Every structure is written in structure tokens, then in C-alpha cells.
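Participant: So that you have it, the file is start-v3.csv, and it contains CSV, N, CA and C atoms:
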chain,number,residue,atom,x,y,z
A,1,MET,N,41.4,-0.9,64.9
A,1,MET,CA,40.2,-0.6,64.2
A,1,MET,C,40.1,0.9,64.0
A,2,THR,N,39.9,1.4,62.8
A,2,THR,CA,39.8,2.8,62.6
A,2,THR,C,38.4,3.4,62.8
A,3,SER,N,38.3,4.7,62.9
A,3,SER,CA,37.0,5.3,63.2
A,3,SER,C,36.0,5.0,62.1
A,4,THR,N,36.5,4.8,60.8
A,4,THR,CA,35.6,4.5,59.7
A,4,THR,C,35.0,3.1,59.9
A,5,GLU,N,35.7,2.2,60.5
A,5,GLU,CA,35.2,0.8,60.7
A,5,GLU,C,34.2,0.7,61.8
A,6,THR,N,34.1,1.7,62.7
A,6,THR,CA,33.2,1.6,63.8
A,6,THR,C,32.0,2.5,63.6
A,7,ALA,N,31.9,3.2,62.5
A,7,ALA,CA,30.8,4.1,62.2
A,7,ALA,C,29.5,3.3,62.1
A,8,ALA,N,28.4,3.9,62.5
A,8,ALA,CA,27.1,3.2,62.4
A,8,ALA,C,26.6,3.0,61.0
A,9,PRO,N,25.9,2.0,60.7
A,9,PRO,CA,25.3,1.9,59.3
A,9,PRO,C,24.5,3.0,59.0
A,10,VAL,N,24.5,3.4,57.7
A,10,VAL,CA,23.7,4.6,57.3
A,10,VAL,C,23.0,4.2,55.9
A,11,ALA,N,21.8,4.7,55.7
A,11,ALA,CA,21.2,4.5,54.4
A,11,ALA,C,21.7,5.6,53.5
A,12,LEU,N,21.9,5.2,52.2
A,12,LEU,CA,22.3,6.2,51.2
A,12,LEU,C,21.0,6.8,50.6
A,13,THR,N,21.0,8.1,50.4
A,13,THR,CA,19.8,8.8,49.9
A,13,THR,C,20.0,9.0,48.4
A,14,GLY,N,19.2,8.4,47.6
A,14,GLY,CA,19.2,8.6,46.2
A,14,GLY,C,17.9,9.1,45.7
A,15,THR,N,17.4,8.8,44.5
A,15,THR,CA,16.1,9.2,44.1
A,15,THR,C,15.4,7.9,43.5
A,16,HIS,N,14.1,8.1,43.3
A,16,HIS,CA,13.3,7.0,42.8
A,16,HIS,C,12.3,7.5,41.8
A,17,CYS,N,12.3,6.9,40.6
A,17,CYS,CA,11.3,7.3,39.6
A,17,CYS,C,10.0,6.5,39.8
A,18,VAL,N,9.0,7.2,40.1
A,18,VAL,CA,7.7,6.5,40.4
A,18,VAL,C,7.1,6.0,39.0
A,19,ALA,N,7.4,6.7,37.9
A,19,ALA,CA,6.8,6.4,36.6
A,19,ALA,C,7.3,5.0,36.1
A,20,CYS,N,8.6,4.7,36.3
A,20,CYS,CA,9.1,3.5,35.8
A,20,CYS,C,9.7,2.6,36.8
A,21,ASP,N,9.6,3.0,38.1
A,21,ASP,CA,10.0,2.2,39.2
A,21,ASP,C,11.5,1.9,39.2
A,22,ARG,N,12.3,2.9,38.9
A,22,ARG,CA,13.8,2.7,39.0
A,22,ARG,C,14.3,3.6,40.1
A,23,GLY,N,15.4,3.0,40.7
A,23,GLY,CA,16.1,3.8,41.7
A,23,GLY,C,17.4,4.2,41.3
A,24,PHE,N,18.0,5.3,41.9
A,24,PHE,CA,19.3,5.8,41.4
A,24,PHE,C,20.1,6.3,42.6
A,25,TYR,N,21.4,6.1,42.5
A,25,TYR,CA,22.3,6.6,43.5
A,25,TYR,C,23.6,6.9,42.7
A,26,PRO,N,24.1,8.1,42.8
A,26,PRO,CA,23.5,9.3,43.5
A,26,PRO,C,22.2,9.7,42.9
A,27,GLY,N,21.5,10.6,43.6
A,27,GLY,CA,20.2,11.0,43.1
A,27,GLY,C,20.3,11.7,41.7
A,28,ARG,N,19.2,11.7,41.0
A,28,ARG,CA,19.2,12.4,39.7
A,28,ARG,C,18.0,13.3,39.6
A,29,ASP,N,18.0,14.3,38.7
A,29,ASP,CA,16.9,15.2,38.5
A,29,ASP,C,16.0,14.7,37.4
A,30,LEU,N,16.5,13.8,36.5
A,30,LEU,CA,15.8,13.3,35.4
A,30,LEU,C,16.0,11.8,35.2
A,31,CYS,N,14.9,11.1,35.0
A,31,CYS,CA,15.1,9.6,34.8
A,31,CYS,C,15.6,9.3,33.4
A,32,PRO,N,16.7,8.6,33.2
A,32,PRO,CA,17.2,8.3,31.9
A,32,PRO,C,16.4,7.3,31.1
A,33,THR,N,15.4,6.6,31.8
A,33,THR,CA,14.6,5.6,31.1
A,33,THR,C,13.4,6.2,30.5
A,34,CYS,N,12.6,7.0,31.3
A,34,CYS,CA,11.3,7.5,30.8
A,34,CYS,C,11.3,9.0,30.8
A,35,TRP,N,12.3,9.7,31.1
A,35,TRP,CA,12.4,11.2,31.1
A,35,TRP,C,11.6,11.9,32.1
A,36,ALA,N,11.1,11.2,33.1
A,36,ALA,CA,10.3,11.8,34.1
A,36,ALA,C,11.2,12.8,34.9
A,37,SER,N,10.7,13.9,35.4
A,37,SER,CA,11.5,14.9,36.1
A,37,SER,C,11.1,15.0,37.6
A,38,ASP,N,10.1,14.3,38.0
A,38,ASP,CA,9.7,14.3,39.4
A,38,ASP,C,10.2,13.1,40.1
A,39,LEU,N,11.5,13.1,40.6
A,39,LEU,CA,12.1,12.0,41.2
A,39,LEU,C,12.3,12.3,42.7
A,40,PRO,N,11.4,11.8,43.5
A,40,PRO,CA,11.6,12.1,45.0
A,40,PRO,C,12.8,11.4,45.6
A,41,ALA,N,13.3,12.0,46.7
A,41,ALA,CA,14.4,11.3,47.4
A,41,ALA,C,13.9,10.0,47.9
A,42,HIS,N,14.9,9.1,48.0
A,42,HIS,CA,14.6,7.7,48.4
A,42,HIS,C,15.8,7.1,49.1
A,43,ASP,N,15.6,6.6,50.3
A,43,ASP,CA,16.7,6.0,51.0
A,43,ASP,C,16.9,4.5,50.6
A,44,LEU,N,18.1,4.1,50.2
A,44,LEU,CA,18.4,2.7,50.0
A,44,LEU,C,18.5,2.0,51.3
A,45,ALA,N,18.4,0.7,51.3
A,45,ALA,CA,18.6,-0.1,52.4
A,45,ALA,C,20.1,0.0,52.8
A,46,PRO,N,20.5,-0.1,54.1
A,46,PRO,CA,21.9,0.1,54.4
A,46,PRO,C,22.7,-1.1,54.1
A,47,THR,N,22.1,-2.2,53.6
A,47,THR,CA,22.9,-3.4,53.2
A,47,THR,C,22.6,-3.8,51.8
A,48,GLY,N,23.6,-4.3,51.1
A,48,GLY,CA,23.5,-4.7,49.8
A,48,GLY,C,24.4,-6.0,49.6
A,49,THR,N,24.7,-6.4,48.3
A,49,THR,CA,25.5,-7.5,48.1
A,49,THR,C,26.6,-7.1,47.0
A,50,VAL,N,27.8,-7.7,47.2
A,50,VAL,CA,28.9,-7.5,46.3
A,50,VAL,C,28.6,-8.0,44.9
A,51,ALA,N,28.7,-7.2,43.9
A,51,ALA,CA,28.5,-7.6,42.5
A,51,ALA,C,29.9,-7.9,41.9
A,52,THR,N,30.8,-7.0,42.1
A,52,THR,CA,32.2,-7.2,41.6
A,52,THR,C,33.1,-6.3,42.4
A,53,TRP,N,34.4,-6.5,42.3
A,53,TRP,CA,35.4,-5.7,43.1
A,53,TRP,C,36.7,-5.6,42.4
A,54,THR,N,37.5,-4.7,42.9
A,54,THR,CA,38.9,-4.6,42.4
A,54,THR,C,39.8,-4.2,43.5
A,55,VAL,N,41.1,-4.4,43.4
A,55,VAL,CA,42.1,-4.0,44.3
A,55,VAL,C,42.9,-2.8,43.7
A,56,VAL,N,43.0,-1.7,44.4
A,56,VAL,CA,43.7,-0.6,43.9
A,56,VAL,C,45.1,-0.6,44.6
A,57,ARG,N,46.2,-0.6,43.8
A,57,ARG,CA,47.5,-0.8,44.3
A,57,ARG,C,48.4,0.4,44.1
A,58,MET,N,47.9,1.5,43.5
A,58,MET,CA,48.6,2.7,43.3
A,58,MET,C,47.7,3.9,43.6
A,59,GLY,N,48.3,4.9,44.1
A,59,GLY,CA,47.5,6.1,44.3
A,59,GLY,C,47.9,6.8,45.7
A,60,ASN,N,47.3,7.9,45.9
A,60,ASN,CA,47.6,8.6,47.1
A,60,ASN,C,46.4,9.1,47.9
A,61,LEU,N,45.2,8.8,47.4
A,61,LEU,CA,44.0,9.2,48.1
A,61,LEU,C,43.8,8.4,49.4
A,62,PHE,N,44.1,7.1,49.4
A,62,PHE,CA,44.0,6.2,50.5
A,62,PHE,C,45.2,5.4,50.6
A,63,GLU,N,45.5,4.8,51.8
A,63,GLU,CA,46.7,3.9,51.9
A,63,GLU,C,46.4,2.7,51.0
A,64,VAL,N,47.4,2.4,50.2
A,64,VAL,CA,47.3,1.2,49.2
A,64,VAL,C,47.9,0.0,49.8
A,65,PRO,N,47.5,-1.2,49.5
A,65,PRO,CA,46.4,-1.4,48.6
A,65,PRO,C,45.0,-1.3,49.3
A,66,TYR,N,44.0,-1.0,48.6
A,66,TYR,CA,42.6,-1.0,49.1
A,66,TYR,C,41.7,-1.6,48.1
A,67,ALA,N,40.5,-2.0,48.6
A,67,ALA,CA,39.5,-2.6,47.7
A,67,ALA,C,38.3,-1.7,47.4
A,68,LEU,N,37.9,-1.7,46.2
A,68,LEU,CA,36.6,-1.0,45.8
A,68,LEU,C,35.7,-2.1,45.3
A,69,CYS,N,34.4,-1.9,45.6
A,69,CYS,CA,33.4,-2.9,45.1
A,69,CYS,C,32.2,-2.1,44.6
A,70,TYR,N,31.5,-2.8,43.6
A,70,TYR,CA,30.2,-2.4,43.3
A,70,TYR,C,29.3,-3.3,44.0
A,71,ALA,N,28.3,-2.7,44.7
A,71,ALA,CA,27.3,-3.4,45.5
A,71,ALA,C,25.9,-3.2,45.0
A,72,ASP,N,25.1,-4.2,44.9
A,72,ASP,CA,23.7,-4.1,44.5
A,72,ASP,C,22.8,-4.0,45.6
A,73,PHE,N,21.9,-3.0,45.5
A,73,PHE,CA,20.9,-2.7,46.5
A,73,PHE,C,19.5,-2.9,46.0
A,74,ASP,N,18.5,-3.1,46.8
A,74,ASP,CA,17.1,-3.2,46.4
A,74,ASP,C,16.8,-2.1,45.4
A,75,GLY,N,15.9,-2.4,44.5
A,75,GLY,CA,15.5,-1.4,43.5
A,75,GLY,C,16.4,-1.4,42.3
A,76,ASP,N,17.3,-2.4,42.1
A,76,ASP,CA,18.2,-2.5,41.0
A,76,ASP,C,19.2,-1.3,41.0
A,77,VAL,N,19.7,-1.0,42.1
A,77,VAL,CA,20.6,0.1,42.2
A,77,VAL,C,22.0,-0.4,42.5
A,78,ARG,N,23.0,0.0,41.8
A,78,ARG,CA,24.4,-0.5,42.0
A,78,ARG,C,25.2,0.7,42.4
A,79,VAL,N,26.0,0.6,43.5
A,79,VAL,CA,26.8,1.7,44.1
A,79,VAL,C,28.2,1.2,44.2
A,80,LEU,N,29.1,2.2,43.9
A,80,LEU,CA,30.6,2.0,44.1
A,80,LEU,C,31.0,2.5,45.4
A,81,GLY,N,31.8,1.7,46.1
A,81,GLY,CA,32.3,2.2,47.4
A,81,GLY,C,33.6,1.5,47.8
A,82,ARG,N,34.4,2.1,48.7
A,82,ARG,CA,35.6,1.5,49.2
A,82,ARG,C,35.2,0.6,50.4
A,83,VAL,N,35.9,-0.6,50.4
A,83,VAL,CA,35.7,-1.6,51.5
A,83,VAL,C,36.8,-1.4,52.5
A,84,VAL,N,36.4,-0.9,53.7
A,84,VAL,CA,37.4,-0.6,54.7
A,84,VAL,C,37.9,-1.7,55.5
A,85,ASN,N,37.2,-2.9,55.5
A,85,ASN,CA,37.7,-4.0,56.3
A,85,ASN,C,38.2,-5.1,55.4
A,86,TRP,N,38.6,-4.8,54.2
A,86,TRP,CA,39.2,-5.7,53.3
A,86,TRP,C,40.7,-5.9,53.7
A,87,ALA,N,41.2,-7.1,53.4
A,87,ALA,CA,42.7,-7.4,53.6
A,87,ALA,C,43.1,-8.4,52.5
A,88,GLU,N,44.3,-8.4,52.2
A,88,GLU,CA,44.8,-9.4,51.1
A,88,GLU,C,44.5,-10.8,51.4
A,89,ASP,N,44.5,-11.2,52.7
A,89,ASP,CA,44.2,-12.5,53.1
A,89,ASP,C,42.7,-12.8,53.3
A,90,ARG,N,41.9,-11.8,53.0
A,90,ARG,CA,40.4,-12.0,53.1
A,90,ARG,C,39.8,-11.4,51.9
A,91,PRO,N,39.9,-12.1,50.8
A,91,PRO,CA,39.3,-11.6,49.5
A,91,PRO,C,37.8,-11.5,49.5
A,92,LEU,N,37.3,-10.7,48.6
A,92,LEU,CA,35.9,-10.5,48.5
A,92,LEU,C,35.3,-11.5,47.5
A,93,ALA,N,34.0,-11.7,47.5
A,93,ALA,CA,33.4,-12.6,46.6
A,93,ALA,C,32.0,-12.1,46.2
A,94,PRO,N,31.5,-12.3,45.0
A,94,PRO,CA,30.2,-11.9,44.6
A,94,PRO,C,29.2,-12.5,45.6
A,95,GLY,N,28.2,-11.7,46.0
A,95,GLY,CA,27.2,-12.2,46.9
A,95,GLY,C,27.4,-11.9,48.3
A,96,MET,N,28.6,-11.5,48.7
A,96,MET,CA,28.9,-11.2,50.1
A,96,MET,C,28.1,-9.9,50.5
A,97,THR,N,27.6,-9.9,51.7
A,97,THR,CA,26.9,-8.7,52.2
A,97,THR,C,27.8,-7.6,52.6
A,98,VAL,N,27.4,-6.4,52.1
A,98,VAL,CA,28.1,-5.1,52.5
A,98,VAL,C,27.1,-4.2,53.2
A,99,THR,N,27.6,-3.4,54.1
A,99,THR,CA,26.9,-2.4,54.9
A,99,THR,C,27.5,-1.1,54.6
A,100,THR,N,26.6,-0.1,54.3
A,100,THR,CA,27.1,1.3,54.0
A,100,THR,C,27.2,2.1,55.3
A,101,HIS,N,28.2,2.9,55.4
A,101,HIS,CA,28.5,3.8,56.5
A,101,HIS,C,28.9,5.2,55.9
A,102,ALA,N,28.7,6.2,56.8
A,102,ALA,CA,29.0,7.6,56.4
A,102,ALA,C,30.4,7.9,57.0
A,103,ASP,N,31.2,8.6,56.2
A,103,ASP,CA,32.5,9.2,56.7
A,103,ASP,C,32.2,10.5,57.3
A,104,ALA,N,32.3,10.7,58.6
A,104,ALA,CA,31.9,11.9,59.3
A,104,ALA,C,32.8,13.1,58.8
A,105,GLU,N,34.0,12.9,58.4
A,105,GLU,CA,34.8,14.0,57.9
A,105,GLU,C,34.5,14.5,56.5
A,106,THR,N,34.2,13.6,55.6
A,106,THR,CA,34.0,13.9,54.2
A,106,THR,C,32.5,13.9,53.8
A,107,GLY,N,31.7,13.2,54.5
A,107,GLY,CA,30.3,13.1,54.1
A,107,GLY,C,30.1,12.0,53.1
A,108,ASP,N,31.2,11.4,52.6
A,108,ASP,CA,31.1,10.3,51.7
A,108,ASP,C,30.7,9.0,52.4
A,109,HIS,N,30.5,8.0,51.6
A,109,HIS,CA,30.1,6.7,52.1
A,109,HIS,C,31.3,5.7,51.9
A,110,PHE,N,31.2,4.6,52.7
A,110,PHE,CA,32.1,3.5,52.5
A,110,PHE,C,31.4,2.2,52.9
A,111,PHE,N,32.0,1.1,52.6
A,111,PHE,CA,31.4,-0.2,52.9
A,111,PHE,C,32.2,-1.0,53.9
A,112,THR,N,31.5,-1.8,54.7
A,112,THR,CA,32.2,-2.9,55.4
A,112,THR,C,31.5,-4.2,54.9
A,113,VAL,N,32.3,-5.2,54.8
A,113,VAL,CA,31.8,-6.5,54.2
A,113,VAL,C,31.7,-7.5,55.3
A,114,ASP,N,30.7,-8.3,55.3
A,114,ASP,CA,30.5,-9.5,56.2
A,114,ASP,C,31.2,-10.6,55.6
A,115,HIS,N,32.5,-10.9,56.0
A,115,HIS,CA,33.3,-12.0,55.4
A,115,HIS,C,32.6,-13.4,55.6
A,116,ALA,N,31.8,-13.5,56.6
A,116,ALA,CA,31.1,-14.8,56.8
A,116,ALA,C,30.0,-15.0,55.8
A,117,SER,N,29.6,-14.0,55.0
A,117,SER,CA,28.5,-14.1,54.1
A,117,SER,C,28.8,-14.6,52.7
A,118,ALA,N,30.0,-15.1,52.6
A,118,ALA,CA,30.4,-15.5,51.2
A,118,ALA,C,29.6,-16.7,50.8
A,119,PRO,N,29.1,-16.7,49.6
A,119,PRO,CA,28.3,-17.9,49.1
A,119,PRO,C,29.1,-19.2,49.3
A,120,THR,N,28.4,-20.2,49.5
A,120,THR,CA,29.0,-21.6,49.6
A,120,THR,C,29.8,-21.9,48.4
A,121,GLY,N,31.0,-22.5,48.6
A,121,GLY,CA,31.8,-22.9,47.5
A,121,GLY,C,32.8,-21.8,47.1
A,122,GLN,N,32.8,-20.6,47.7
A,122,GLN,CA,33.7,-19.5,47.4
A,122,GLN,C,34.5,-19.2,48.6
A,123,GLU,N,35.7,-18.8,48.4
A,123,GLU,CA,36.5,-18.3,49.5
A,123,GLU,C,36.0,-17.0,50.1
A,124,ALA,N,36.2,-16.8,51.4
A,124,ALA,CA,35.8,-15.6,52.0
A,124,ALA,C,37.0,-14.9,52.6
What do you get writing this file as C-alpha cells?
Facilitator:
Amino acid sequence: MTSTETAAPVALTGTHCVACDRGFYPGRDLCPTCWASDLPAHDLAPTGTVATWTVVRMGNLFEVPYALCYADFDGDVRVLGRVVNWAEDRPLAPGMTVTTHADAETGDHFFTVDHASAPTGQEA
């Protein structure tokens, strides 16, 4: 298990538009819906659900193959992140629970997925 897989869950800090009740990650200075400019910082819940995913098989940023997924969080916020506990024999599925973690070296975030949380009737 790598150090990224053992990192404690962390809430991602984005912004929230009070005027139209929309959340954003990463944070924004201006709401694209209502043009409000007073968007206070807002922490997302540390868990979300997989919306969709892909497997990256070429590149040199991370060891390939690796999985990326878009995860949905409360407030209608969708976040892209790398899934560090993915494996070819453990595919992802929409609706699976992901937890956000911080990478101590880069300050970026990554996801771990709860493979047991796959919706009924789908492989996990």
C-alpha cells in the first residue's frame, strides 16, 4: 500500500454562491450562473459518488494504467480525480462511493473508491 492510499480523508475547499445556491470546485471568483462576485469558501463533503470514469494507458505523470473518475458531491459539484486503489480486475461503476484525500507532496487531491459500494447488479 502506498502512502497516498493511507492518507486521511480530506474535504476539498471550493466556493459557494449564496445567490443561486451553486457550489464549485475548484473555487471561483465569479458565479457563471448569476454573475455574483461574493463567493465564500465552502468545504465539500469528503465523500462523493462515481459519475463516470476512464482508464489512462499512456503517459508519464503516473504509472500506467491508472483510473480517473468524475465524482459527484453534495451541492451539484462534480470533481475529477485519480483513483489510487483501482486495478484492472476491480473496475469502477457509477454510484460507487469515493473518498477524497490530499497528496502531502503536491497538495493535490486523489480518490479512493469503496469497491463494496457498487450498486446492485453491477460489477465492482
Participant: May I have the protein, DNA and RNA residues with an atom at most 6 Å from (28.4, 7.0, 54.2), counting only N, CA and C atoms in the file's coordinates, returned as a PyMOL selection string?
Facilitator: chain A and resi 100-103+107-110
Participant: With only C-alpha atoms as the atoms that count, which of A:Thr97, A:Asn60, A:Thr112, A:Thr106 lies nearest to Gly81 of chain A?
Facilitator: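 Of A:Thr97, A:Asn60, A:Thr112, A:Thr106, the one nearest Gly81 of chain A is A:Thr112, counting only C-alpha atoms.
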Participant: Provide the atom C of Ala36 of chain A to atom CA of Cys17 of chain A distance in Å, to one decimal place.
Facilitator: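 We find that atom C of Ala36 of chain A and atom CA of Cys17 of chain A lie 7.2 Å from each other.
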Participant: May I have the protein, DNA and RNA residues with an atom at most 8 Å from (20.0, 7.3, 51.7), counting only N, CA and C atoms in the file's coordinates, returned as a VMD selection string?
Facilitator: chain A and resid 10 to 15 41 to 46
Participant: Mind dumping the selected residues with N, CA and C atoms as a compact mmCIF listing (two decimals), keeping the file's coordinate frame?
Facilitator:
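What ended up in out16.txt:
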# COMPACT_ATOMS: atom_id res chain seq x y z
N VAL A 10 24.50 3.40 57.70
CA VAL A 10 23.70 4.60 57.30
C VAL A 10 23.00 4.20 55.90
N ALA A 11 21.80 4.70 55.70
CA ALA A 11 21.20 4.50 54.40
C ALA A 11 21.70 5.60 53.50
N LEU A 12 21.90 5.20 52.20
CA LEU A 12 22.30 6.20 51.20
C LEU A 12 21.00 6.80 50.60
N THR A 13 21.00 8.10 50.40
CA THR A 13 19.80 8.80 49.90
C THR A 13 20.00 9.00 48.40
N GLY A 14 19.20 8.40 47.60
CA GLY A 14 19.20 8.60 46.20
C GLY A 14 17.90 9.10 45.70
N THR A 15 17.40 8.80 44.50
CA THR A 15 16.10 9.20 44.10
C THR A 15 15.40 7.90 43.50
N ALA A 41 13.30 12.00 46.70
CA ALA A 41 14.40 11.30 47.40
C ALA A 41 13.90 10.00 47.90
N HIS A 42 14.90 9.10 48.00
CA HIS A 42 14.60 7.70 48.40
C HIS A 42 15.80 7.10 49.10
N ASP A 43 15.60 6.60 50.30
CA ASP A 43 16.70 6.00 51.00
C ASP A 43 16.90 4.50 50.60
N LEU A 44 18.10 4.10 50.20
CA LEU A 44 18.40 2.70 50.00
C LEU A 44 18.50 2.00 51.30
N ALA A 45 18.40 0.70 51.30
CA ALA A 45 18.60 -0.10 52.40
C ALA A 45 20.10 0.00 52.80
N PRO A 46 20.50 -0.10 54.10
CA PRO A 46 21.90 0.10 54.40
C PRO A 46 22.70 -1.10 54.10
Participant: Can you measure atom N of Asp72 of chain A to atom N of His16 of chain A for me? One decimal in Å is fine.
Facilitator: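 About the pair atom N of Asp72 of chain A and atom N of His16 of chain A: they are 16.6 Å apart.
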Participant: Report as JSON, numbers by chain: the residues of chain A with a DSSP assignment of alpha helix (DSSP H), based on the backbone of this structure.
Facilitator: {"A": [3, 4, 5, 6]}
Participant: When you look at Ala71 of chain A with a cut-off of 6 Å (counting only N, CA and C atoms), what residues show up, excluding the ones that are within fewer than 5 positions of it in the same chain? I need them as JSON, numbers by chain.
Facilitator: {"A": [48, 49, 50, 51, 52, 77, 78, 79, 80, 81]}
Participant: Mind checking which residues fall within 6.5 Å of segment 64-68 of chain A, counting all atoms listed in the file, ignoring those fewer than 4 positions away in the same chain, and posting them as a PyMOL selection string?
Facilitator: chain A and resi 52-59+81-83+86
Participant: Any chance you can output those residues with N, CA and C atoms as a PDB file, in the coordinates of the input?
Facilitator:
ATOM      1  N   THR A  52      30.800  -7.000  42.100  1.00  0.00           N
ATOM      2  CA  THR A  52      32.200  -7.200  41.600  1.00  0.00           C
ATOM      3  C   THR A  52      33.100  -6.300  42.400  1.00  0.00           C
ATOM      4  N   TRP A  53      34.400  -6.500  42.300  1.00  0.00           N
ATOM      5  CA  TRP A  53      35.400  -5.700  43.100  1.00  0.00           C
ATOM      6  C   TRP A  53      36.700  -5.600  42.400  1.00  0.00           C
ATOM      7  N   THR A  54      37.500  -4.700  42.900  1.00  0.00           N
ATOM      8  CA  THR A  54      38.900  -4.600  42.400  1.00  0.00           C
ATOM      9  C   THR A  54      39.800  -4.200  43.500  1.00  0.00           C
ATOM     10  N   VAL A  55      41.100  -4.400  43.400  1.00  0.00           N
ATOM     11  CA  VAL A  55      42.100  -4.000  44.300  1.00  0.00           C
ATOM     12  C   VAL A  55      42.900  -2.800  43.700  1.00  0.00           C
ATOM     13  N   VAL A  56      43.000  -1.700  44.400  1.00  0.00           N
ATOM     14  CA  VAL A  56      43.700  -0.600  43.900  1.00  0.00           C
ATOM     15  C   VAL A  56      45.100  -0.600  44.600  1.00  0.00           C
ATOM     16  N   ARG A  57      46.200  -0.600  43.800  1.00  0.00           N
ATOM     17  CA  ARG A  57      47.500  -0.800  44.300  1.00  0.00           C
ATOM     18  C   ARG A  57      48.400   0.400  44.100  1.00  0.00           C
ATOM     19  N   MET A  58      47.900   1.500  43.500  1.00  0.00           N
ATOM     20  CA  MET A  58      48.600   2.700  43.300  1.00  0.00           C
ATOM     21  C   MET A  58      47.700   3.900  43.600  1.00  0.00           C
ATOM     22  N   GLY A  59      48.300   4.900  44.100  1.00  0.00           N
ATOM     23  CA  GLY A  59      47.500   6.100  44.300  1.00  0.00           C
ATOM     24  C   GLY A  59      47.900   6.800  45.700  1.00  0.00           C
ATOM     25  N   GLY A  81      31.800   1.700  46.100  1.00  0.00           N
ATOM     26  CA  GLY A  81      32.300   2.200  47.400  1.00  0.00           C
ATOM     27  C   GLY A  81      33.600   1.500  47.800  1.00  0.00           C
ATOM     28  N   ARG A  82      34.400   2.100  48.700  1.00  0.00           N
ATOM     29  CA  ARG A  82      35.600   1.500  49.200  1.00  0.00           C
ATOM     30  C   ARG A  82      35.200   0.600  50.400  1.00  0.00           C
ATOM     31  N   VAL A  83      35.900  -0.600  50.400  1.00  0.00           N
ATOM     32  CA  VAL A  83      35.700  -1.600  51.500  1.00  0.00           C
ATOM     33  C   VAL A  83      36.800  -1.400  52.500  1.00  0.00           C
ATOM     34  N   TRP A  86      38.600  -4.800  54.200  1.00  0.00           N
ATOM     35  CA  TRP A  86      39.200  -5.700  53.300  1.00  0.00           C
ATOM     36  C   TRP A  86      40.700  -5.900  53.700  1.00  0.00           C
TER      37      TRP A  86
END
Participant: Can you tell me, as JSON, numbers by chain, which residues in chain A count as strand (DSSP E) by DSSP?
Facilitator: {"A": [13, 14, 15, 16, 17, 22, 23, 24, 41, 42, 43, 47, 48, 49, 50, 51, 52, 53, 54, 55, 56, 66, 67, 68, 69, 70, 71, 72, 73, 77, 78, 79, 80, 81, 82, 83, 97, 98, 99, 100, 101, 102, 109, 110, 111, 112, 113, 114]}
Participant: Expressed in Å to a single decimal, how great is the separation between atom CA of Phe111 of chain A and atom CA of Thr99 of chain A?
Facilitator: 5.4 Å
Participant: Using only C-alpha atoms, pick whichever of A:Tyr70, A:Gly75, A:Leu92, A:Ala7 has the shortest atom-to-atom distance to Arg22 of chain A.
Facilitator: A:Gly75
Participant: Only N, CA and C atoms needed: put segment 37-53 of chain A from the block into a file as a PDB file, in the first residue's frame.
Facilitator:
ATOM      1  N   SER A  37     -20.349  38.012  -7.332  1.00  0.00           N
ATOM      2  CA  SER A  37     -18.895  38.006  -7.135  1.00  0.00           C
ATOM      3  C   SER A  37     -18.485  37.746  -5.688  1.00  0.00           C
ATOM      4  N   ASP A  38     -19.444  37.562  -4.801  1.00  0.00           N
ATOM      5  CA  ASP A  38     -19.140  37.275  -3.403  1.00  0.00           C
ATOM      6  C   ASP A  38     -19.372  35.785  -3.160  1.00  0.00           C
ATOM      7  N   LEU A  39     -18.356  34.973  -3.467  1.00  0.00           N
ATOM      8  CA  LEU A  39     -18.471  33.525  -3.312  1.00  0.00           C
ATOM      9  C   LEU A  39     -17.578  33.075  -2.167  1.00  0.00           C
ATOM     10  N   PRO A  40     -18.165  32.814  -0.998  1.00  0.00           N
ATOM     11  CA  PRO A  40     -17.351  32.400   0.147  1.00  0.00           C
ATOM     12  C   PRO A  40     -16.794  30.992  -0.036  1.00  0.00           C
ATOM     13  N   ALA A  41     -15.677  30.730   0.660  1.00  0.00           N
ATOM     14  CA  ALA A  41     -15.083  29.385   0.651  1.00  0.00           C
ATOM     15  C   ALA A  41     -16.083  28.407   1.241  1.00  0.00           C
ATOM     16  N   HIS A  42     -16.057  27.191   0.710  1.00  0.00           N
ATOM     17  CA  HIS A  42     -17.011  26.163   1.136  1.00  0.00           C
ATOM     18  C   HIS A  42     -16.328  24.805   1.027  1.00  0.00           C
ATOM     19  N   ASP A  43     -16.334  24.044   2.115  1.00  0.00           N
ATOM     20  CA  ASP A  43     -15.767  22.690   2.095  1.00  0.00           C
ATOM     21  C   ASP A  43     -16.794  21.698   1.583  1.00  0.00           C
ATOM     22  N   LEU A  44     -16.388  20.881   0.607  1.00  0.00           N
ATOM     23  CA  LEU A  44     -17.232  19.787   0.135  1.00  0.00           C
ATOM     24  C   LEU A  44     -17.136  18.643   1.139  1.00  0.00           C
ATOM     25  N   ALA A  45     -18.130  17.798   1.156  1.00  0.00           N
ATOM     26  CA  ALA A  45     -18.056  16.587   1.966  1.00  0.00           C
ATOM     27  C   ALA A  45     -16.881  15.758   1.465  1.00  0.00           C
ATOM     28  N   PRO A  46     -16.212  14.993   2.335  1.00  0.00           N
ATOM     29  CA  PRO A  46     -15.068  14.203   1.878  1.00  0.00           C
ATOM     30  C   PRO A  46     -15.457  12.970   1.050  1.00  0.00           C
ATOM     31  N   THR A  47     -16.752  12.672   0.944  1.00  0.00           N
ATOM     32  CA  THR A  47     -17.179  11.530   0.130  1.00  0.00           C
ATOM     33  C   THR A  47     -18.159  11.977  -0.944  1.00  0.00           C
ATOM     34  N   GLY A  48     -18.079  11.288  -2.082  1.00  0.00           N
ATOM     35  CA  GLY A  48     -18.977  11.533  -3.197  1.00  0.00           C
ATOM     36  C   GLY A  48     -19.265  10.216  -3.888  1.00  0.00           C
ATOM     37  N   THR A  49     -19.844  10.276  -5.085  1.00  0.00           N
ATOM     38  CA  THR A  49     -20.148   9.061  -5.834  1.00  0.00           C
ATOM     39  C   THR A  49     -19.609   9.165  -7.253  1.00  0.00           C
ATOM     40  N   VAL A  50     -19.157   8.042  -7.787  1.00  0.00           N
ATOM     41  CA  VAL A  50     -18.623   7.984  -9.146  1.00  0.00           C
ATOM     42  C   VAL A  50     -19.741   8.305 -10.136  1.00  0.00           C
ATOM     43  N   ALA A  51     -19.471   9.272 -11.022  1.00  0.00           N
ATOM     44  CA  ALA A  51     -20.391   9.592 -12.109  1.00  0.00           C
ATOM     45  C   ALA A  51     -19.965   8.846 -13.368  1.00  0.00           C
ATOM     46  N   THR A  52     -18.682   8.930 -13.699  1.00  0.00           N
ATOM     47  CA  THR A  52     -18.119   8.237 -14.859  1.00  0.00           C
ATOM     48  C   THR A  52     -16.616   8.117 -14.648  1.00  0.00           C
ATOM     49  N   TRP A  53     -15.969   7.298 -15.438  1.00  0.00           N
ATOM     50  CA  TRP A  53     -14.533   7.078 -15.275  1.00  0.00           C
ATOM     51  C   TRP A  53     -13.900   6.701 -16.599  1.00  0.00           C
TER      52      TRP A  53
END
